[in-house]
file my_file_7.txt (compact mmCIF, C-alpha atoms (C1' of nucleotides))
# COMPACT_ATOMS: atom_id res chain seq x y z
CA MET A 1060 -6.70 -14.60 17.61
CA LYS A 1061 -4.15 -13.59 14.99
CA ILE A 1062 -4.71 -10.55 12.80
CA ALA A 1063 -2.50 -9.32 9.99
CA THR A 1064 -2.14 -6.57 7.41
CA TRP A 1065 -0.46 -6.65 3.99
CA ASN A 1066 -0.36 -4.14 1.15
CA VAL A 1067 -0.17 -6.57 -1.77
CA ASN A 1068 0.23 -4.00 -4.60
CA SER A 1069 -2.22 -5.82 -6.93
CA LEU A 1070 -4.06 -8.89 -5.70
CA LYS A 1071 -4.20 -10.15 -9.27
CA VAL A 1072 -0.41 -10.40 -9.39
CA ARG A 1073 -0.01 -11.46 -5.76
CA LEU A 1074 -2.84 -14.00 -5.37
CA GLY A 1075 -0.44 -16.94 -5.32
CA HIS A 1076 1.70 -15.28 -2.65
CA VAL A 1077 -1.38 -14.56 -0.52
CA LEU A 1078 -2.72 -18.11 -0.77
CA ASN A 1079 0.68 -19.61 0.05
CA TRP A 1080 1.13 -17.20 2.94
CA LEU A 1081 -2.27 -18.05 4.42
CA ALA A 1082 -1.46 -21.76 4.19
CA GLU A 1083 1.70 -21.09 6.22
CA ASN A 1084 0.13 -18.43 8.45
CA PRO A 1085 -3.51 -19.31 9.08
CA VAL A 1086 -4.40 -15.99 10.71
CA ASP A 1087 -8.01 -15.24 11.67
CA VAL A 1088 -8.16 -12.01 9.68
CA LEU A 1089 -5.88 -10.76 6.91
CA CYS A 1090 -6.35 -7.14 5.88
CA LEU A 1091 -5.29 -6.37 2.31
CA GLN A 1092 -4.59 -3.01 0.69
CA GLU A 1093 -4.01 -2.00 -2.93
CA THR A 1094 -5.97 -4.91 -4.36
CA LYS A 1095 -6.43 -2.80 -7.53
CA LEU A 1096 -9.45 -4.90 -8.57
CA THR A 1097 -13.04 -4.01 -9.26
CA ASP A 1098 -15.41 -6.16 -7.19
CA ASP A 1099 -16.45 -8.27 -10.21
CA LYS A 1100 -12.79 -9.32 -10.61
CA PHE A 1101 -12.20 -10.31 -6.97
CA PRO A 1102 -10.93 -13.93 -6.72
CA VAL A 1103 -13.76 -15.09 -4.44
CA ALA A 1104 -13.59 -18.79 -5.36
CA GLU A 1105 -9.83 -19.05 -4.74
CA ILE A 1106 -10.07 -17.30 -1.35
CA GLU A 1107 -13.01 -19.48 -0.28
CA ALA A 1108 -11.20 -22.62 -1.39
CA ALA A 1109 -8.35 -21.55 0.92
CA GLY A 1110 -10.76 -21.50 3.86
CA TYR A 1111 -11.42 -17.77 4.03
CA GLN A 1112 -14.45 -15.54 3.58
CA PRO A 1113 -13.58 -12.44 1.53
CA LEU A 1114 -15.08 -8.99 2.16
CA PHE A 1115 -13.94 -6.39 -0.32
CA ALA A 1116 -14.35 -2.90 -1.72
CA GLY A 1117 -12.38 -2.24 -4.86
CA GLN A 1118 -11.92 -0.03 -7.88
CA LYS A 1119 -10.00 -0.10 -11.13
CA THR A 1120 -6.20 0.46 -11.15
CA TYR A 1121 -5.77 2.09 -7.72
CA ASN A 1122 -6.53 1.46 -4.05
CA GLY A 1123 -8.96 -1.31 -3.09
CA VAL A 1124 -9.13 -3.05 0.30
CA ALA A 1125 -10.28 -6.44 1.54
CA LEU A 1126 -10.71 -8.51 4.67
CA LEU A 1127 -10.06 -12.23 4.46
CA VAL A 1128 -11.80 -13.82 7.44
CA ARG A 1129 -11.08 -17.41 8.36
CA GLN A 1130 -14.16 -19.56 7.88
CA GLY A 1131 -16.04 -20.24 11.11
CA ARG A 1132 -15.43 -16.78 12.58
CA VAL A 1133 -18.60 -14.78 13.25
CA THR A 1134 -18.64 -11.65 11.08
CA ALA A 1135 -20.99 -8.68 11.47
CA ASP A 1136 -21.44 -4.98 10.67
CA VAL A 1137 -19.42 -4.64 7.47
CA THR A 1138 -18.71 -0.98 6.64
CA VAL A 1139 -17.03 0.45 3.54
CA ASN A 1140 -15.02 3.71 3.73
CA ILE A 1141 -15.39 6.34 6.46
CA PRO A 1142 -19.09 7.07 7.06
CA GLY A 1143 -19.87 10.72 6.35
CA PHE A 1144 -16.60 11.33 4.48
CA GLU A 1145 -17.27 11.65 0.76
CA ASP A 1146 -14.61 9.69 -1.10
CA GLU A 1147 -14.53 8.04 -4.51
CA GLN A 1148 -11.46 6.07 -3.48
CA LYS A 1149 -11.91 2.70 -1.82
CA ARG A 1150 -9.56 2.80 1.15
CA VAL A 1151 -11.36 1.36 4.17
CA ILE A 1152 -13.30 -1.79 4.96
CA SER A 1153 -14.36 -2.79 8.46
CA ALA A 1154 -16.12 -5.69 10.14
CA THR A 1155 -16.68 -7.07 13.61
CA VAL A 1156 -15.08 -10.52 13.82
CA ASP A 1157 -15.74 -12.64 16.90
CA GLY A 1158 -16.53 -9.44 18.81
CA VAL A 1159 -13.42 -7.53 17.71
CA ARG A 1160 -13.88 -4.46 15.53
CA ILE A 1161 -11.40 -4.77 12.64
CA VAL A 1162 -10.71 -1.67 10.55
CA CYS A 1163 -8.57 -2.18 7.43
CA ALA A 1164 -7.21 1.09 6.07
CA TYR A 1165 -5.14 2.25 3.13
CA VAL A 1166 -4.11 5.77 4.13
CA PRO A 1167 -3.43 8.09 1.17
CA ASN A 1168 0.22 8.37 0.17
CA GLY A 1169 0.25 12.16 -0.09
CA GLN A 1170 2.78 12.22 -2.95
CA ALA A 1171 4.51 15.49 -1.92
CA ILE A 1172 4.10 18.10 0.80
CA ASP A 1173 3.00 20.82 -1.65
CA SER A 1174 0.47 18.66 -3.51
CA ASP A 1175 -3.33 18.45 -3.32
CA LYS A 1176 -2.87 14.79 -2.48
CA TYR A 1177 -1.09 15.76 0.74
CA GLN A 1178 -4.02 17.97 1.78
CA TYR A 1179 -6.34 15.09 0.97
CA LYS A 1180 -4.20 12.80 3.16
CA LEU A 1181 -4.51 15.17 6.14
CA ARG A 1182 -8.27 15.65 5.62
CA TRP A 1183 -8.68 11.89 5.33
CA LEU A 1184 -6.72 11.27 8.55
CA ALA A 1185 -8.81 13.87 10.42
CA ALA A 1186 -12.02 12.18 9.26
CA MET A 1187 -10.61 8.81 10.26
CA ARG A 1188 -9.79 10.11 13.73
CA ASP A 1189 -13.30 11.44 14.26
CA TRP A 1190 -14.92 8.24 13.04
CA ILE A 1191 -12.61 5.96 15.07
CA ALA A 1192 -13.42 8.01 18.21
CA ASP A 1193 -17.05 7.13 17.57
CA GLU A 1194 -16.29 3.49 16.80
CA LEU A 1195 -14.28 3.11 20.02
CA SER A 1196 -17.29 4.21 22.06
CA ARG A 1197 -19.24 1.32 20.55
CA HIS A 1198 -16.42 -1.23 20.29
CA PRO A 1199 -13.88 -1.24 23.14
CA LYS A 1200 -12.08 -4.09 21.35
CA LEU A 1201 -10.88 -2.35 18.21
CA ALA A 1202 -7.89 -2.87 15.90
CA LEU A 1203 -6.93 -0.42 13.17
CA LEU A 1204 -4.65 -2.20 10.70
CA GLY A 1205 -3.20 -1.15 7.42
CA ASP A 1206 -0.80 0.82 5.31
CA TYR A 1207 -0.63 4.16 7.11
CA ASN A 1208 1.93 5.70 4.78
CA ILE A 1209 3.44 7.27 7.91
CA ALA A 1210 6.68 6.28 9.65
CA PRO A 1211 5.95 7.14 13.32
CA GLU A 1212 9.53 7.87 14.41
CA ASP A 1213 12.98 8.35 12.93
CA ARG A 1214 13.95 4.83 13.99
CA ASP A 1215 11.27 3.64 11.54
CA VAL A 1216 13.17 5.22 8.63
CA HIS A 1217 16.36 3.82 7.08
CA ASP A 1218 17.80 7.30 6.45
CA PRO A 1219 16.01 9.92 8.55
CA LYS A 1220 18.29 12.72 7.31
CA ALA A 1221 17.44 12.05 3.67
CA TRP A 1222 13.71 11.86 4.45
CA GLU A 1223 13.51 14.83 6.81
CA GLY A 1224 10.41 16.95 6.17
CA GLN A 1225 9.21 14.74 3.32
CA VAL A 1226 5.94 12.96 2.82
CA LEU A 1227 5.56 9.87 5.11
CA VAL A 1228 7.53 11.52 7.93
CA SER A 1229 6.42 15.18 7.96
CA VAL A 1230 5.35 16.75 11.25
CA PRO A 1231 1.64 17.15 10.33
CA GLU A 1232 1.41 13.51 9.28
CA ARG A 1233 3.04 12.28 12.44
CA ALA A 1234 0.74 14.58 14.42
CA ALA A 1235 -2.26 13.01 12.67
CA LEU A 1236 -1.03 9.56 13.65
CA ALA A 1237 -0.44 10.78 17.23
CA ALA A 1238 -4.01 12.12 17.28
CA LEU A 1239 -5.28 8.64 16.43
CA GLN A 1240 -3.11 7.15 19.17
CA ALA A 1241 -4.40 9.78 21.61
CA LEU A 1242 -7.84 8.14 21.30
CA GLY A 1243 -6.34 5.19 23.15
CA LEU A 1244 -4.74 3.23 20.32
CA HIS A 1245 -1.32 1.66 20.69
CA ASP A 1246 1.32 0.65 18.15
CA SER A 1247 1.40 -3.09 18.83
CA PHE A 1248 4.87 -3.45 17.28
CA ARG A 1249 6.40 -1.23 19.96
CA LEU A 1250 4.83 -3.17 22.82
CA PHE A 1251 7.65 -5.67 22.36
CA GLU A 1252 11.41 -5.83 22.00
CA GLN A 1253 12.22 -5.50 18.29
CA ALA A 1254 15.34 -5.60 16.14
CA GLU A 1255 16.79 -2.27 15.07
CA LYS A 1256 15.98 -1.22 11.51
CA SER A 1257 12.73 -3.17 11.36
CA PHE A 1258 10.79 -2.11 8.28
CA SER A 1259 7.63 -3.19 6.44
CA TRP A 1260 8.23 -1.55 3.05
CA TRP A 1261 11.27 -1.31 0.77
CA ASP A 1262 11.51 0.58 -2.52
CA TYR A 1263 11.68 -1.64 -5.59
CA ARG A 1264 14.37 0.71 -6.88
CA MET A 1265 18.01 0.97 -5.86
CA LEU A 1266 18.09 -2.52 -4.35
CA GLY A 1267 16.03 -1.24 -1.43
CA PHE A 1268 15.37 -4.62 0.17
CA ARG A 1269 18.89 -5.97 -0.24
CA ARG A 1270 20.25 -2.82 1.43
CA ASN A 1271 17.41 -2.84 4.00
CA ALA A 1272 16.68 0.72 2.88
CA GLY A 1273 13.09 0.64 4.06
CA MET A 1274 10.45 2.26 6.23
CA ARG A 1275 8.00 0.97 8.83
CA ILE A 1276 4.70 2.34 7.54
CA ASP A 1277 2.35 -0.64 8.00
CA HIS A 1278 0.91 -0.74 11.49
CA ILE A 1279 -1.50 -2.53 13.80
CA LEU A 1280 -2.96 -0.12 16.35
CA LEU A 1281 -4.84 -1.70 19.26
CA SER A 1282 -7.36 -0.27 21.71
CA ASP A 1283 -6.62 -0.48 25.46
CA ALA A 1284 -8.62 -3.71 25.81
CA LEU A 1285 -6.73 -5.39 22.98
CA ARG A 1286 -3.36 -4.07 24.04
CA ALA A 1287 -3.80 -5.82 27.37
CA ALA A 1288 -4.39 -9.10 25.51
CA CYS A 1289 -1.68 -8.69 22.84
CA THR A 1290 1.20 -11.17 23.25
CA ALA A 1291 3.20 -10.56 20.05
CA CYS A 1292 3.61 -8.38 16.99
CA VAL A 1293 6.00 -9.35 14.21
CA ILE A 1294 6.91 -8.30 10.69
CA ASP A 1295 7.24 -11.25 8.31
CA ARG A 1296 9.95 -10.38 5.78
CA ALA A 1297 9.73 -13.75 4.01
CA PRO A 1298 7.26 -12.76 1.24
CA ARG A 1299 9.51 -9.82 0.24
CA LYS A 1300 12.18 -12.36 -0.77
CA LEU A 1301 9.95 -14.20 -3.26
CA GLU A 1302 9.90 -13.75 -7.02
CA GLN A 1303 7.77 -10.74 -8.06
CA PRO A 1304 7.08 -9.60 -4.49
CA SER A 1305 4.91 -6.79 -3.22
CA ASP A 1306 7.02 -3.89 -1.98
CA HIS A 1307 5.31 -4.30 1.43
CA THR A 1308 5.42 -7.32 3.71
CA PRO A 1309 2.90 -8.60 6.30
CA VAL A 1310 2.63 -7.46 9.92
CA ILE A 1311 0.95 -9.89 12.35
CA ALA A 1312 -0.39 -9.38 15.87
CA THR A 1313 -1.38 -12.14 18.29
CA ILE A 1314 -4.20 -11.49 20.76
CA GLU A 1315 -5.05 -13.94 23.52
CA GLY A 1316 -8.65 -14.96 24.14
C1' DA B 1085 20.37 8.16 -9.10
C1' DT B 1086 12.89 9.65 -7.35
C1' DG B 1087 15.23 9.47 -15.52
C1' DC B 1088 16.41 3.70 -11.23
C1' DC B 1089 11.25 -0.58 -10.10
C1' DG B 1090 6.65 -2.30 -10.78
C1' DA B 1091 1.48 -2.34 -11.85
C1' DA B 1092 -2.06 -0.86 -14.82
C1' DG B 1093 -4.37 1.09 -18.75
C1' DA B 1094 -3.21 1.23 -23.06
C1' DT B 1095 -0.77 -0.21 -27.37
C1' DA B 1096 3.61 4.25 -26.91
C1' DC B 1097 3.71 5.88 -23.52
C1' DT B 1098 1.76 7.96 -18.73
C1' DT B 1099 0.25 7.98 -13.80
C1' DC B 1100 1.01 6.62 -9.36
C1' DG B 1101 3.16 4.54 -5.58
C1' DA B 1102 6.35 5.70 -0.95

call {"tool": "encode", "arguments": {"input": "my_file_7.txt", "output": "structure tokens"}}
result
Amino acid sequence: MKIATWNVNSLKVRLGHVLNWLAENPVDVLCLQETKLTDDKFPVAEIEAAGYQPLFAGQKTYNGVALLVRQGRVTADVTVNIPGFEDEQKRVISATVDGVRIVCAYVPNGQAIDSDKYQYKLRWLAAMRDWIADELSRHPKLALLGDYNIAPEDRDVHDPKAWEGQVLVSVPERAALAALQALGLHDSFRLFEQAEKSFSWWDYRMLGFRRNAGMRIDHILLSDALRAACTACVIDRAPRKLEQPSDHTPVIATIEG
DNA sequence: ATGCCGAAGATACTTCGA
């Protein structure tokens, strides 16, 4: 089984990239973030024609998440957002696919340490932790994929000095990510030998991609059972080189069995 | 160089992203 995550920064603009990528990379599940589409605008026909079943929860302008599940996979128990956590913003969609619990998450950005949005980010992450603890008790095979808006370590940041103490790397955010991992979730990317300065997002400004001035903020966390079966995790930089790219690029994990 | 780029709602700019 191959599972992937990609913040597309508008599915309307990036639909062609997504369809081309799926043709080249026929993963079993692709998790999308920042679709920025209300559900009535979701390109259902195009996704189905590409051989995928779409599950989605969107809103106008901001956020929006989707799961594209390869046709033939058995899908059950679709959940939108974090149960019990009141939230207008559409940031989570989950489903059980061939017995694996897939959680697709778009973690709040946080904007700045002194902003309300940062407090919301920390509250959101605490609610996510509590809910995932519950989910793990029901689903030993669980993968939490998405745009975490957190760089776990300094080696995941192009210029740690410049970013020190800022949003995406601050101590409370990293502690919130560590609290998720303490439930028994593992950063699949770090299970394997990886190139230095491996990133999943680059700023559109200041020639970020050309200078490889990026961050690794898109992650695939795997439960113990899935970690044991994981044979690879890679970042695919190719879509970031296309015309009119998303600022994020896909991350893919391979799980045997 | 966070006044930079890009998307979206709107229609002259603003908000937000990371």

call {"tool": "interface_residues", "arguments": {"input": "my_file_7.txt", "of": "chain B", "to": "chain A", "cutoff": "7 Å", "atoms": "all atoms listed in the file", "output": "MDAnalysis selection string"}}
result
chainID B and resid 1088:1089 1092 1102

call {"tool": "atom_distance", "arguments": {"input": "my_file_7.txt", "atom1": "CA of His1307 in chain A", "atom2": "CA of Val1067 in chain A"}}
result
6.7 Å

call {"tool": "closest_residue", "arguments": {"input": "my_file_7.txt", "among": "A:Arg1129, A:Arg1299, A:His1198, A:Lys1220", "to": "Ile1062 in chain A", "atoms": "only C-alpha atoms"}}
result
A:Arg1129

call {"tool": "residues_near_point", "arguments": {"input": "my_file_7.txt", "point": "(6.3, 22.4, -0.7)", "cutoff": "10 Å", "atoms": "only C-alpha atoms (C1' of nucleotides)", "output": "PyMOL selection string"}}
result
chain A and resi 1171-1174+1224-1225

call {"tool": "residues_around", "arguments": {"input": "my_file_7.txt", "residues": "Ala1291 in chain A", "least_positions_apart": "6", "cutoff": "8 Å", "atoms": "all atoms listed in the file", "output": "list in words"}}
result
Ser1247, Phe1248, Phe1251, Ala1312, Thr1313 and Ile1314 of chain A

call {"tool": "residues_near_point", "arguments": {"input": "my_file_7.txt", "point": "(-21.7, 8.8, 7.4)", "cutoff": "12 Å", "atoms": "only C-alpha atoms (C1' of nucleotides)", "output": "PyMOL selection string"}}
result
chain A and resi 1138-1146+1186-1187+1189-1190+1193

call {"tool": "atom_distance", "arguments": {"input": "my_file_7.txt", "atom1": "CA of Arg1233 in chain A", "atom2": "CA of Asp1215 in chain A"}}
result
12.0 Å

call {"tool": "atom_distance", "arguments": {"input": "my_file_7.txt", "atom1": "CA of Thr1134 in chain A", "atom2": "CA of Gln1118 in chain A"}}
result
23.2 Å

call {"tool": "closest_residue", "arguments": {"input": "my_file_7.txt", "among": "A:Lys1061, A:Lys1180, A:Arg1073, A:Arg1249", "to": "DA1091 in chain B", "atoms": "all atoms listed in the file"}}
result
A:Arg1073

call {"tool": "residues_around", "arguments": {"input": "my_file_7.txt", "residues": "range 1154-1165 of chain A", "least_positions_apart": "3", "cutoff": "8 Å", "atoms": "all atoms listed in the file", "output": "list in words"}}
result
Thr1064, Cys1090, Leu1091, Gln1092, Glu1093, Asn1122, Val1124, Ala1125, Leu1126, Val1128, Arg1132, Val1133, Thr1134, Ala1135, Asp1136, Val1137, Thr1138, Arg1150, Val1151, His1198, Lys1200, Leu1201, Ala1202, Leu1203, Leu1204, Gly1205, Asp1206 and Tyr1207 of chain A

call {"tool": "closest_residue", "arguments": {"input": "my_file_7.txt", "among": "A:Ile1279, A:Val1077, A:Pro1167, A:Pro1102", "to": "DC1100 in chain B", "atoms": "all atoms listed in the file"}}
result
A:Pro1167

call {"tool": "residues_around", "arguments": {"input": "my_file_7.txt", "residues": "Leu1250 in chain A", "least_positions_apart": "3", "cutoff": "12 Å", "atoms": "all atoms listed in the file", "output": "ChimeraX atom specification"}}
result
/A:1244-1247,1253,1279-1281,1285-1293,1312-1313

call {"tool": "residues_around", "arguments": {"input": "my_file_7.txt", "residues": "Glu1107 in chain A", "least_positions_apart": "2", "cutoff": "12 Å", "atoms": "all atoms listed in the file", "output": "list in words"}}
result
Leu1078, Leu1081, Phe1101, Pro1102, Val1103, Ala1104, Glu1105, Ala1109, Gly1110, Tyr1111, Gln1112, Pro1113, Leu1114, Leu1127, Val1128, Arg1129, Gln1130 and Gly1131 of chain A

call {"tool": "write_last_selection", "arguments": {"input": "my_file_7.txt", "atoms": "C-alpha atoms", "output": "short mmCIF file (atom, residue, chain, number, x, y, z; two decimals), in the coordinates of the input"}}
result
data_model
loop_
_atom_site.label_atom_id
_atom_site.label_comp_id
_atom_site.auth_asym_id
_atom_site.auth_seq_id
_atom_site.Cartn_x
_atom_site.Cartn_y
_atom_site.Cartn_z
CA LEU A 1078 -2.72 -18.11 -0.77
CA LEU A 1081 -2.27 -18.05 4.42
CA PHE A 1101 -12.20 -10.31 -6.97
CA PRO A 1102 -10.93 -13.93 -6.72
CA VAL A 1103 -13.76 -15.09 -4.44
CA ALA A 1104 -13.59 -18.79 -5.36
CA GLU A 1105 -9.83 -19.05 -4.74
CA ALA A 1109 -8.35 -21.55 0.92
CA GLY A 1110 -10.76 -21.50 3.86
CA TYR A 1111 -11.42 -17.77 4.03
CA GLN A 1112 -14.45 -15.54 3.58
CA PRO A 1113 -13.58 -12.44 1.53
CA LEU A 1114 -15.08 -8.99 2.16
CA LEU A 1127 -10.06 -12.23 4.46
CA VAL A 1128 -11.80 -13.82 7.44
CA ARG A 1129 -11.08 -17.41 8.36
CA GLN A 1130 -14.16 -19.56 7.88
CA GLY A 1131 -16.04 -20.24 11.11
#
